[in-house]
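Here is the structure we will look at, set down as structure tokens.
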Amino acid sequence: MKKTVLPTVKGYKAVELLGSGAFGQVFLVEDELKPNQLYALKIIDPNFFSDQDMYEAAKLELPVLDQLNQKISLLGEWPENIVQYIKHWEDNGTFYILMEFCPDGSLDGIISAHRNPKKKFREDYIKAVCFQIATGLSILHAQGCLHRDIKPENLLCVQPPILKIADYNVSKFVEKSKMAQSVTGTERYMSPQVQMGQDYGKLCDIWSLGVILLEMMTLKKSDEIWRKNNAFIFNKQHYEIPKYWAQEAVAMGYSKEFAEFVGKMLETEESARMSAKDIIASGLFDEIHKERTKQSGSVQPDKKLLMEFQQVRIKLPVLKVISCKKNSMK
Ligand SMILES: Nc1ncnc2c1ncn2[C@@H]1O[C@H](COP(=O)(O)OP(=O)(O)O)[C@@H](O)[C@H]1O
Ligand SMILES: [Mg+2]
């Protein structure tokens with residue numbers, strides 16, 4: 001395996017490579033002035049990219065983060081289901097994005113640990129994931145931000161089990177009720193409208209969340225969510241297939257109520273699809289709400305879930321190097 005060369009960054013000591021994606025590398029760094037203060041640092045170095053266009057595309061995350069920071073700082077506290085952005089700067093053509101460090105891998109790692117060997121997720125565990133991501137999305141959407149690349153690799157984990165939305169590279173702010181049109185994101189998680197290049201709004205992210213929940217229920221890989229009867233079907237006529245898997249999940253032991261709920265995130269037409277706000281407000285999460293209220297407003301999922309997350313954690317390397325493939329369609 002190629003050895004990672006740790007970068008030299010003024011003011012920070014690079015500790016190790018956390019991940020490498022299409023848009024740069026992310027390192028664990030320690031603040032030189034405050035030892036033990038750890039951060040994740042995304043580095044957009046022109047030398048990392050084989051073509052200039054990718055470097056330019058990677059830089060698109062910077063204005064999104066500025067806008068996100070500006071809007072979120074008006075809310076007071078930084079929401080816990082969104083990775084905290086701290087600052088960015090430039091040095092000689094290399095851009096640096098400093099963020100909160102999420103030490104416990106990503107939802108992708110958690111799902112893989114269940115897939116092999118096959119270990120079914122409990123329904124309340126999947127509900128807790130759904131609730132947390134919908135909470136993060138409801139805040140982004142209320143600020144007019146479409147994330148556009150919701151997938152397990154971009155949902156990072158911090159103990160106690162809190163999932164946080166990361167990676168704003170292809171995100172976009174739109175004015176209220178305005179739509180976006182560009183085809184961007186990761187194909188297997190893209191909503192029908194995004195795939196077809198039609199107008200779409202914030203509900204594109206809900207479709208992606210629906211695909212993730214199906215992956216957890218069926219333990220299928222996201223491309224298998226698009227197959228039925230062994231045929232690989234991934235074209236415009238077959239947007240109904242993911243919803244078919246939601247129905248199949250009942251035979252796998254999930255409640256009809258929850259399966260139908262997930263099905264409503266996978267409605268082909270945006271007008272029929274649930275919003276993040278609808279998801280949170282539904283009665284399905286009453287247990288989680290009760291648990292939150294008991295703990296005087298602090299956001300803690302129930303103890304059983306905490307234990308299960310910890311069990312999963314033991315099986316996972318704590319820091320996983322994931323190489324993700326972005327869709328090149330832009
Ligand atoms: N804040 C963070 N804490 C821990 N690991 C991170 C953090 N941000 C990113 N990573 C790791 O780096 C990977 C790539 O980062 P990401 O922002 O998703 O870049 P890309 O746009 O290239 O996919 C992530 O999938 C994750 O494994
Ligand atoms: Mg990513």
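Chain lettering (A, B, ...) mirrors the order of the structure tokens, residue numbering begins at 1 for each chain separately, and ligand numbering begins at 1 in order of display.
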
Distance filter 7 Å around ligand 1, atoms: only C-alpha atoms and all ligand atoms, out as a list in words: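 Residues satisfying the distance criterion: Leu18, Gly19, Ser20, Gly21, Ala22, Phe23, Gly24, Gln25, Val26, Ala40, Lys42, Val83, Met99, Glu100, Phe101, Cys102, Pro103, Gly105, Ser106, Glu153, Asn154, Leu156, Ala166, Asp167, Asn169, Lys320, Val321, Ile322 and Cys324 of chain A.
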
All residues 9 Å or closer to Lys87 of chain A, only C-alpha atoms, same chain fewer than 6 positions away omitted, as a list in words: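 My list of contacting residues is Leu65, Asp66, Asn69, Tyr96, Ile97, Leu98 and Met99 of chain A.
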
Could you take the residues named above and write them with N, CA and C atoms, as a JSON list (two decimals), in the first residue's frame?
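Here's the written file part01.json:
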```
[["chain", "number", "residue", "atom", "x", "y", "z"],
["A", 65, "LEU", "N", -19.84, 26.52, 2.27],
["A", 65, "LEU", "CA", -19.56, 26.48, 3.71],
["A", 65, "LEU", "C", -19.67, 27.88, 4.32],
["A", 66, "ASP", "N", -19.23, 28.91, 3.59],
["A", 66, "ASP", "CA", -19.36, 30.27, 4.11],
["A", 66, "ASP", "C", -20.82, 30.61, 4.34],
["A", 69, "ASN", "N", -22.29, 28.60, 7.22],
["A", 69, "ASN", "CA", -21.81, 29.13, 8.50],
["A", 69, "ASN", "C", -22.56, 30.40, 8.88],
["A", 96, "TYR", "N", -7.65, 25.02, 2.55],
["A", 96, "TYR", "CA", -7.77, 24.20, 3.76],
["A", 96, "TYR", "C", -9.15, 24.45, 4.38],
["A", 97, "ILE", "N", -9.84, 23.36, 4.73],
["A", 97, "ILE", "CA", -11.14, 23.50, 5.41],
["A", 97, "ILE", "C", -11.02, 22.80, 6.76],
["A", 98, "LEU", "N", -11.17, 23.58, 7.84],
["A", 98, "LEU", "CA", -11.04, 23.02, 9.19],
["A", 98, "LEU", "C", -12.42, 22.70, 9.74],
["A", 99, "MET", "N", -12.59, 21.49, 10.21],
["A", 99, "MET", "CA", -13.91, 21.10, 10.77],
["A", 99, "MET", "C", -13.76, 20.24, 12.00]]
```

Close residues, Gly263 of chain A itself excluded, 9 Å, only C-alpha atoms, min 3 positions apart in chain, as a list in words: Gly210, Pro242, Lys243, Tyr244, Trp245, Ala246, Gln247, Phe258, Ala259, Glu260, Leu266, Glu267 and Arg273 of chain A

Exercise: Val15 of chain A partners within 12 Å, only C-alpha atoms, chain neighbours under 6 positions left out, as a PyMOL selection string: chain A and resi 4-9+26-32+35-41+319

Export, as an mmCIF file, in the first residue's frame, the selected residues with C-alpha atoms.
```
data_model
loop_
_atom_site.group_PDB
_atom_site.id
_atom_site.type_symbol
_atom_site.label_atom_id
_atom_site.label_comp_id
_atom_site.auth_asym_id
_atom_site.auth_seq_id
_atom_site.Cartn_x
_atom_site.Cartn_y
_atom_site.Cartn_z
ATOM 1 C CA THR A 4 0.550 8.546 2.924
ATOM 2 C CA VAL A 5 2.745 11.597 3.077
ATOM 3 C CA LEU A 6 1.501 13.797 5.896
ATOM 4 C CA PRO A 7 1.240 17.437 4.862
ATOM 5 C CA THR A 8 2.905 20.347 6.610
ATOM 6 C CA VAL A 9 0.264 22.875 7.623
ATOM 7 C CA VAL A 26 -8.982 14.822 4.811
ATOM 8 C CA PHE A 27 -6.410 14.605 7.624
ATOM 9 C CA LEU A 28 -6.676 14.373 11.371
ATOM 10 C CA VAL A 29 -4.747 17.364 12.732
ATOM 11 C CA GLU A 30 -3.804 18.672 16.143
ATOM 12 C CA ASP A 31 -3.779 22.375 16.971
ATOM 13 C CA GLU A 32 -0.127 23.275 17.732
ATOM 14 C CA PRO A 35 -2.308 20.138 22.152
ATOM 15 C CA ASN A 36 -5.009 17.437 22.237
ATOM 16 C CA GLN A 37 -7.382 19.711 20.344
ATOM 17 C CA LEU A 38 -8.147 17.582 17.286
ATOM 18 C CA TYR A 39 -9.786 18.641 14.045
ATOM 19 C CA ALA A 40 -10.409 17.212 10.607
ATOM 20 C CA LEU A 41 -8.717 19.221 7.863
ATOM 21 C CA LEU A 319 -10.493 5.541 11.551
#
```

Which of segment 11-70 of chain A fall in strand (DSSP E), as number ranges by chain: A: 12-21, 24-31, 38-44

Between atom CA of Gly144 of chain A and atom CA of Lys59 of chain A, distance in Å (one decimal):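 For atom CA of Gly144 of chain A relative to atom CA of Lys59 of chain A, the distance reads 20.2 Å.
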
Contacts of segment 130-136 of chain A at 7 Å (only C-alpha atoms; same-chain gap of 5+ positions) as number ranges by chain: A: 81-82, 163, 165, 276, 279-280

Separation of atom CA of Glu257 of chain A from atom CA of Leu284 of chain A, in Å and rounded to one decimal: 8.6 Å

Those of segment 52-244 of chain A in DSSP helix (DSSP H, G or I), formatted as a PyMOL selection string: chain A and resi 52-58+61-73+107-115+123-142+152-154+187-189+192-196+203-218+224-226+236-238+241-244

Separation of atom CA of Ala251 of chain A from atom CA of Ile225 of chain A, in Å and rounded to one decimal: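 Taking atom CA of Ala251 of chain A and atom CA of Ile225 of chain A, their separation equals 15.8 Å.
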
Nearby residues (only C-alpha atoms) at most 7 Å from Met217 of chain A, same-chain spacing under 4 positions excluded, as a PyMOL selection string: chain A and resi 121+213+249

Please, could you write that set of residues out with C-alpha atoms as a PDB file, in the first residue's frame?
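Below is the file that was written, selection.pdb:
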```
ATOM      1  CA  PHE A 121     -30.552  -3.926  12.054  1.00  0.00           C
ATOM      2  CA  LEU A 213     -32.826   3.251   4.974  1.00  0.00           C
ATOM      3  CA  ALA A 249     -38.894  -5.329   3.936  1.00  0.00           C
TER       4      ALA A 249
END
```
